[in-house]
>>> print(open('coords26.cif').read())   # mmCIF, C-alpha atoms, pLDDT in the B column; chains and numbers go by the auth columns
data_entry
#
loop_
_atom_site.group_PDB
_atom_site.id
_atom_site.type_symbol
_atom_site.label_atom_id
_atom_site.label_comp_id
_atom_site.label_asym_id
_atom_site.label_seq_id
_atom_site.Cartn_x
_atom_site.Cartn_y
_atom_site.Cartn_z
_atom_site.B_iso_or_equiv
_atom_site.auth_seq_id
_atom_site.auth_asym_id
ATOM 1 C CA MET A 1 75.561 115.306 100.527 32.00 22 A
ATOM 2 C CA PRO A 2 77.120 116.293 97.174 30.00 23 A
ATOM 3 C CA GLU A 3 79.950 114.261 95.733 33.00 24 A
ATOM 4 C CA SER A 4 83.434 115.651 96.145 29.00 25 A
ATOM 5 C CA PRO A 5 85.555 116.258 93.041 30.00 26 A
ATOM 6 C CA SER A 6 87.653 113.234 93.938 34.00 27 A
ATOM 7 C CA ALA A 7 84.706 110.879 94.471 33.00 28 A
ATOM 8 C CA PRO A 8 85.347 107.548 92.750 36.00 29 A
ATOM 9 C CA SER A 9 83.413 106.519 89.688 37.00 30 A
ATOM 10 C CA SER A 10 81.736 103.132 89.301 47.00 31 A
ATOM 11 C CA ASP A 11 85.085 101.322 89.552 52.00 32 A
ATOM 12 C CA PRO A 12 87.320 103.196 91.982 53.00 33 A
ATOM 13 C CA ALA A 13 90.293 100.972 91.212 55.00 34 A
ATOM 14 C CA CYS A 14 90.379 101.936 87.558 59.00 35 A
ATOM 15 C CA SER A 15 89.220 105.506 87.264 63.00 36 A
ATOM 16 C CA GLY A 16 88.524 108.761 88.975 72.00 37 A
ATOM 17 C CA PRO A 17 90.287 112.085 89.254 84.00 38 A
ATOM 18 C CA LEU A 18 93.481 112.580 91.192 82.00 39 A
ATOM 19 C CA PRO A 19 92.745 113.034 94.907 85.00 40 A
ATOM 20 C CA THR A 20 93.604 116.520 96.096 85.00 41 A
ATOM 21 C CA ALA A 21 96.101 115.168 98.629 85.00 42 A
ATOM 22 C CA ALA A 22 98.018 113.565 95.736 80.00 43 A
ATOM 23 C CA LEU A 23 98.223 116.676 93.535 81.00 44 A
ATOM 24 C CA GLY A 24 101.909 117.057 94.406 87.00 45 A
ATOM 25 C CA GLY A 25 102.643 113.495 93.302 88.00 46 A
ATOM 26 C CA PRO A 26 100.574 112.498 90.280 90.00 47 A
ATOM 27 C CA VAL A 27 103.201 110.057 88.977 91.00 48 A
ATOM 28 C CA SER A 28 103.635 108.437 92.386 92.00 49 A
ATOM 29 C CA HIS A 29 99.852 108.117 92.655 92.00 50 A
ATOM 30 C CA ALA A 30 99.622 106.558 89.195 92.00 51 A
ATOM 31 C CA LEU A 31 102.518 104.202 89.940 92.00 52 A
ATOM 32 C CA SER A 32 100.841 103.098 93.170 93.00 53 A
ATOM 33 C CA ARG A 33 97.553 102.416 91.387 93.00 54 A
ATOM 34 C CA VAL A 34 99.271 100.520 88.578 95.00 55 A
ATOM 35 C CA ALA A 35 101.259 98.435 91.086 94.00 56 A
ATOM 36 C CA ARG A 36 98.069 97.585 92.971 94.00 57 A
ATOM 37 C CA LEU A 37 96.210 96.552 89.810 95.00 58 A
ATOM 38 C CA HIS A 38 99.234 94.585 88.590 95.00 59 A
ATOM 39 C CA ARG A 39 99.342 92.683 91.887 94.00 60 A
ATOM 40 C CA ILE A 40 95.626 91.891 91.612 95.00 61 A
ATOM 41 C CA ALA A 41 96.079 90.589 88.047 95.00 62 A
ATOM 42 C CA ALA A 42 99.135 88.571 89.105 95.00 63 A
ATOM 43 C CA GLY A 43 97.149 87.113 92.000 95.00 64 A
ATOM 44 C CA ARG A 44 94.419 85.899 89.687 96.00 65 A
ATOM 45 C CA LEU A 45 96.919 84.212 87.387 96.00 66 A
ATOM 46 C CA LEU A 46 99.055 82.772 90.202 96.00 67 A
ATOM 47 C CA LYS A 47 95.966 81.213 91.753 95.00 68 A
ATOM 48 C CA GLU A 48 95.783 78.985 88.659 94.00 69 A
ATOM 49 C CA VAL A 49 99.185 77.464 89.557 94.00 70 A
ATOM 50 C CA GLY A 50 98.383 77.241 93.265 93.00 71 A
ATOM 51 C CA LEU A 51 100.374 80.223 94.549 95.00 72 A
ATOM 52 C CA PHE A 52 99.560 83.459 96.311 93.00 73 A
ATOM 53 C CA PRO A 53 101.172 86.765 95.267 92.00 74 A
ATOM 54 C CA GLY A 54 104.689 87.011 96.642 92.00 75 A
ATOM 55 C CA GLN A 55 105.237 83.270 96.822 95.00 76 A
ATOM 56 C CA GLU A 56 106.454 83.246 93.239 95.00 77 A
ATOM 57 C CA PHE A 57 109.287 85.643 94.137 94.00 78 A
ATOM 58 C CA LEU A 58 110.396 83.333 96.922 95.00 79 A
ATOM 59 C CA MET A 59 110.310 80.374 94.552 95.00 80 A
ATOM 60 C CA MET A 60 112.202 82.324 91.866 94.00 81 A
ATOM 61 C CA CYS A 61 114.902 83.056 94.426 93.00 82 A
ATOM 62 C CA LEU A 62 115.190 79.374 95.336 94.00 83 A
ATOM 63 C CA TRP A 63 115.202 78.237 91.714 94.00 84 A
ATOM 64 C CA ASP A 64 117.966 80.687 90.819 92.00 85 A
ATOM 65 C CA CYS A 65 120.063 80.446 93.995 90.00 86 A
ATOM 66 C CA GLY A 66 119.555 76.875 95.113 90.00 87 A
ATOM 67 C CA PRO A 67 119.330 76.032 98.814 93.00 88 A
ATOM 68 C CA VAL A 68 119.780 79.064 101.064 94.00 89 A
ATOM 69 C CA ARG A 69 119.605 79.711 104.766 94.00 90 A
ATOM 70 C CA GLN A 70 116.176 80.863 105.856 93.00 91 A
ATOM 71 C CA SER A 71 117.753 83.983 107.382 92.00 92 A
ATOM 72 C CA GLU A 72 119.330 84.875 104.019 92.00 93 A
ATOM 73 C CA LEU A 73 116.039 84.268 102.239 92.00 94 A
ATOM 74 C CA ILE A 74 114.294 86.626 104.666 92.00 95 A
ATOM 75 C CA LYS A 75 116.942 89.260 103.962 91.00 96 A
ATOM 76 C CA ALA A 76 116.682 88.766 100.195 89.00 97 A
ATOM 77 C CA MET A 77 112.884 88.994 100.273 90.00 98 A
ATOM 78 C CA GLY A 78 112.968 92.224 102.291 88.00 99 A
ATOM 79 C CA LEU A 79 109.925 91.141 104.262 90.00 100 A
ATOM 80 C CA ASP A 80 109.156 90.667 107.921 93.00 101 A
ATOM 81 C CA PRO A 81 110.541 87.321 109.144 94.00 102 A
ATOM 82 C CA SER A 82 107.081 86.176 110.259 94.00 103 A
ATOM 83 C CA THR A 83 105.709 86.831 106.758 94.00 104 A
ATOM 84 C CA VAL A 84 108.446 84.758 105.098 94.00 105 A
ATOM 85 C CA THR A 85 108.057 82.013 107.707 93.00 106 A
ATOM 86 C CA LYS A 86 104.314 81.834 106.986 95.00 107 A
ATOM 87 C CA MET A 87 105.021 81.723 103.229 95.00 108 A
ATOM 88 C CA LEU A 88 107.483 78.894 103.773 95.00 109 A
ATOM 89 C CA GLN A 89 105.019 76.963 105.908 95.00 110 A
ATOM 90 C CA ARG A 90 102.373 77.190 103.185 95.00 111 A
ATOM 91 C CA LEU A 91 104.837 76.316 100.428 95.00 112 A
ATOM 92 C CA GLU A 92 106.181 73.390 102.451 95.00 113 A
ATOM 93 C CA GLN A 93 102.651 72.093 103.097 95.00 114 A
ATOM 94 C CA SER A 94 101.991 72.351 99.353 93.00 115 A
ATOM 95 C CA GLY A 95 105.143 70.355 98.640 93.00 116 A
ATOM 96 C CA HIS A 96 106.931 73.195 96.844 95.00 117 A
ATOM 97 C CA VAL A 97 109.786 73.727 99.318 95.00 118 A
ATOM 98 C CA ARG A 98 111.654 71.698 101.861 94.00 119 A
ATOM 99 C CA ARG A 99 113.447 72.914 104.956 94.00 120 A
ATOM 100 C CA SER A 100 116.271 71.095 106.692 93.00 121 A
ATOM 101 C CA PRO A 101 118.987 71.824 109.247 93.00 122 A
ATOM 102 C CA ASP A 102 122.101 73.436 107.754 91.00 123 A
ATOM 103 C CA PRO A 103 124.861 70.790 108.015 91.00 124 A
ATOM 104 C CA THR A 104 127.453 73.505 108.722 91.00 125 A
ATOM 105 C CA ASP A 105 125.380 75.172 111.459 90.00 126 A
ATOM 106 C CA ARG A 106 122.647 73.054 113.041 84.00 127 A
ATOM 107 C CA ARG A 107 120.995 76.210 114.427 90.00 128 A
ATOM 108 C CA ALA A 108 120.340 77.477 110.900 92.00 129 A
ATOM 109 C CA VAL A 109 117.678 76.187 108.503 92.00 130 A
ATOM 110 C CA LEU A 110 118.272 75.593 104.802 94.00 131 A
ATOM 111 C CA VAL A 111 115.399 76.170 102.409 95.00 132 A
ATOM 112 C CA ALA A 112 115.309 74.588 98.951 94.00 133 A
ATOM 113 C CA ALA A 113 112.830 74.197 96.136 94.00 134 A
ATOM 114 C CA ALA A 114 111.380 70.704 96.277 92.00 135 A
ATOM 115 C CA ASP A 115 112.535 68.177 93.734 82.00 136 A
ATOM 116 C CA GLY A 116 110.192 67.814 90.817 74.00 137 A
ATOM 117 C CA GLY A 117 109.110 71.463 90.870 71.00 138 A
ATOM 118 C CA GLY A 118 109.536 71.802 87.128 83.00 139 A
ATOM 119 C CA ALA A 119 105.798 72.036 86.528 89.00 140 A
ATOM 120 C CA LEU A 120 105.456 74.857 89.055 93.00 141 A
ATOM 121 C CA ARG A 121 108.457 76.667 87.609 94.00 142 A
ATOM 122 C CA SER A 122 107.007 76.344 84.115 94.00 143 A
ATOM 123 C CA GLY A 123 103.622 77.513 85.387 95.00 144 A
ATOM 124 C CA VAL A 124 105.147 80.576 87.046 96.00 145 A
ATOM 125 C CA ALA A 125 107.066 81.388 83.852 96.00 146 A
ATOM 126 C CA ASP A 126 103.817 81.115 81.878 96.00 147 A
ATOM 127 C CA VAL A 127 102.026 83.357 84.388 96.00 148 A
ATOM 128 C CA TRP A 128 104.709 86.033 84.088 95.00 149 A
ATOM 129 C CA THR A 129 104.687 85.810 80.281 96.00 150 A
ATOM 130 C CA GLY A 130 100.901 86.163 80.213 95.00 151 A
ATOM 131 C CA LEU A 131 100.977 88.965 82.760 95.00 152 A
ATOM 132 C CA GLU A 132 103.559 90.810 80.677 96.00 153 A
ATOM 133 C CA GLU A 133 101.410 90.596 77.554 95.00 154 A
ATOM 134 C CA TYR A 134 98.245 91.525 79.415 92.00 155 A
ATOM 135 C CA THR A 135 99.952 94.454 81.150 96.00 156 A
ATOM 136 C CA LEU A 136 101.675 95.846 78.071 97.00 157 A
ATOM 137 C CA ALA A 137 98.948 95.188 75.504 96.00 158 A
ATOM 138 C CA GLY A 138 98.784 98.007 72.997 97.00 159 A
ATOM 139 C CA LEU A 139 102.323 99.257 73.621 97.00 160 A
ATOM 140 C CA THR A 140 104.780 99.184 70.756 97.00 161 A
ATOM 141 C CA PRO A 141 108.150 97.464 71.219 97.00 162 A
ATOM 142 C CA ALA A 142 109.761 100.916 71.478 98.00 163 A
ATOM 143 C CA GLU A 143 107.251 101.998 74.147 98.00 164 A
ATOM 144 C CA ARG A 144 107.884 98.778 76.062 97.00 165 A
ATOM 145 C CA ALA A 145 111.627 99.393 75.949 97.00 166 A
ATOM 146 C CA ASP A 146 111.143 103.005 77.081 97.00 167 A
ATOM 147 C CA LEU A 147 108.888 101.929 79.927 96.00 168 A
ATOM 148 C CA ALA A 148 111.397 99.290 81.075 96.00 169 A
ATOM 149 C CA ARG A 149 114.217 101.840 80.934 96.00 170 A
ATOM 150 C CA LEU A 150 112.246 104.461 82.863 96.00 171 A
ATOM 151 C CA LEU A 151 111.086 101.967 85.492 95.00 172 A
ATOM 152 C CA ALA A 152 114.701 100.869 86.001 96.00 173 A
ATOM 153 C CA LYS A 153 115.595 104.521 86.684 95.00 174 A
ATOM 154 C CA VAL A 154 112.694 104.854 89.123 94.00 175 A
ATOM 155 C CA GLU A 155 113.805 101.649 90.860 92.00 176 A
ATOM 156 C CA GLY A 156 117.332 103.026 91.120 93.00 177 A
ATOM 157 C CA ASN A 157 116.025 106.224 92.690 92.00 178 A
ATOM 158 C CA LEU A 158 113.967 104.300 95.217 90.00 179 A
ATOM 159 C CA CYS A 159 116.862 101.981 96.058 88.00 180 A
ATOM 160 C CA ALA A 160 119.182 104.943 96.543 87.00 181 A
ATOM 161 C CA GLU A 161 116.635 106.636 98.793 80.00 182 A
ATOM 162 C CA SER A 162 116.085 103.528 100.917 77.00 183 A
ATOM 163 C CA GLY A 163 119.743 102.569 100.935 68.00 184 A
ATOM 164 C CA GLY A 164 118.558 99.098 99.979 58.00 185 A
ATOM 165 C CA ALA A 165 118.036 98.371 103.665 47.00 186 A
ATOM 166 C CA GLU A 166 114.302 97.835 103.408 49.00 187 A
ATOM 167 C CA THR A 167 114.231 95.464 100.481 47.00 188 A
ATOM 168 C CA GLY A 168 117.571 93.730 100.515 48.00 189 A
ATOM 169 C CA ASP A 169 117.584 93.708 96.716 52.00 190 A
ATOM 170 C CA CYS A 170 119.138 97.020 95.758 45.00 191 A
ATOM 171 C CA SER A 171 122.737 95.857 95.594 45.00 192 A
ATOM 172 C CA GLU A 172 122.782 95.943 91.822 41.00 193 A
ATOM 173 C CA PRO A 173 120.432 97.248 89.136 36.00 194 A
ATOM 174 C CA LYS A 174 117.976 94.746 87.816 41.00 195 A
ATOM 175 C CA ALA A 175 118.522 93.741 84.227 41.00 196 A
ATOM 176 C CA VAL A 176 115.358 94.503 82.337 39.00 197 A
ATOM 177 C CA ARG A 177 115.014 92.689 79.071 39.00 198 A
ATOM 178 C CA ALA A 178 113.279 94.825 76.498 39.00 199 A
ATOM 179 C CA PRO A 179 110.785 92.880 74.391 40.00 200 A
#
>>> encode(input="coords26.cif", output="structure tokens")
Amino acid sequence: MPESPSAPSSDPACSGPLPTAALGGPVSHALSRVARLHRIAAGRLLKEVGLFPGQEFLMMCLWDCGPVRQSELIKAMGLDPSTVTKMLQRLEQSGHVRRSPDPTDRRAVLVAAADGGGALRSGVADVWTGLEEYTLAGLTPAERADLARLLAKVEGNLCAESGGAETGDCSEPKAVRAP
């Protein structure tokens, strides 16, 4: 059977023509592929500090916000409650978070980053710095600034379209620091 025009090359994740079904959305297709590859690269680096992709965002939230109710963390993460609960179980077993009853409402659970998590926080910061350099290698400072600006616009469009209801994080634009 002959190959179709959209048949993948030797590495389907990194090359190949635009599938015909995506001809009306080449930028969306490219963005999806880049996001997927970025997540794979992040996963490889996060593994070195003992985390799975997504867990670093939960930890960043705890480091920046301090103890929060589990229900608020689920809302902030914009994920299914069972997914966040599983993340918390793994992070608690690893000693990275602690959960306790909320003293103001014993039915609620407070989640906090575990004491002594400075090494993990530093490791996550190093991962994100390395990922940034790896991802943006070859781009000039002006191109990096343009990309950050354009991605912030795209994020705004997507937040406006979703009403922020799906992700819980569209209440204000994200500050993007240009390199």
>>> closest_atom_pairs(input="coords26.cif", of="segment 138-167 of chain A", to="segment 77-87 of chain A", cutoff="10 Å", atoms="all atoms listed in the file", output="Markdown table")
| residue | atom | partner | partner_atom | distance |
| --- | --- | --- | --- | --- |
| A:Gly138 | CA | A:Trp84 | CA | 9.1 |
| A:Gly139 | CA | A:Trp84 | CA | 9.7 |
| A:Leu141 | CA | A:Met80 | CA | 9.2 |
| A:Arg142 | CA | A:Met81 | CA | 8.0 |
| A:Val145 | CA | A:Glu77 | CA | 6.9 |
| A:Ala146 | CA | A:Met81 | CA | 9.6 |
| A:Val148 | CA | A:Glu77 | CA | 9.9 |
| A:Trp149 | CA | A:Glu77 | CA | 9.7 |
>>> closest_residue(input="coords26.cif", among="A:Val132, A:Leu171, A:Leu52, A:Val89", to="Arg120 of chain A", atoms="only C-alpha atoms")
A:Val132
>>> atom_distance(input="coords26.cif", atom1="atom CA of Ala43 of chain A", atom2="atom CA of Val55 of chain A")
14.9 Å
>>> closest_residue(input="coords26.cif", among="A:Pro47, A:Arg128, A:Ala63, A:Ala140", to="Leu152 of chain A", atoms="all atoms listed in the file")
A:Ala63
>>> atom_distance(input="coords26.cif", atom1="atom CA of Glu176 of chain A", atom2="atom CA of Lys68 of chain A")
27.1 Å
>>> closest_residue(input="coords26.cif", among="A:Ala169, A:Ser49, A:Val70, A:Lys107", to="Gly144 of chain A", atoms="all atoms listed in the file")
A:Val70
>>> closest_residue(input="coords26.cif", among="A:Lys96, A:His117, A:Asp126, A:Ala62", to="Tyr155 of chain A", atoms="all atoms listed in the file")
A:Ala62
>>> closest_residue(input="coords26.cif", among="A:Ala166, A:Leu172, A:Leu112, A:Ala129", to="Ser92 of chain A", atoms="all atoms listed in the file")
A:Ala129
>>> closest_residue(input="coords26.cif", among="A:Gly71, A:Pro88, A:Gly151, A:Pro40", to="Ser115 of chain A", atoms="only C-alpha atoms")
A:Gly71
>>> axis_aligned_box(input="coords26.cif", around="segment 85-91 of chain A", padding_each_side="3 Å", output="lines of an AutoDock Vina configuration file")
center_x = 118.1
center_y = 78.4
center_z = 98.3
size_x = 9.9
size_y = 10.8
size_z = 21.0
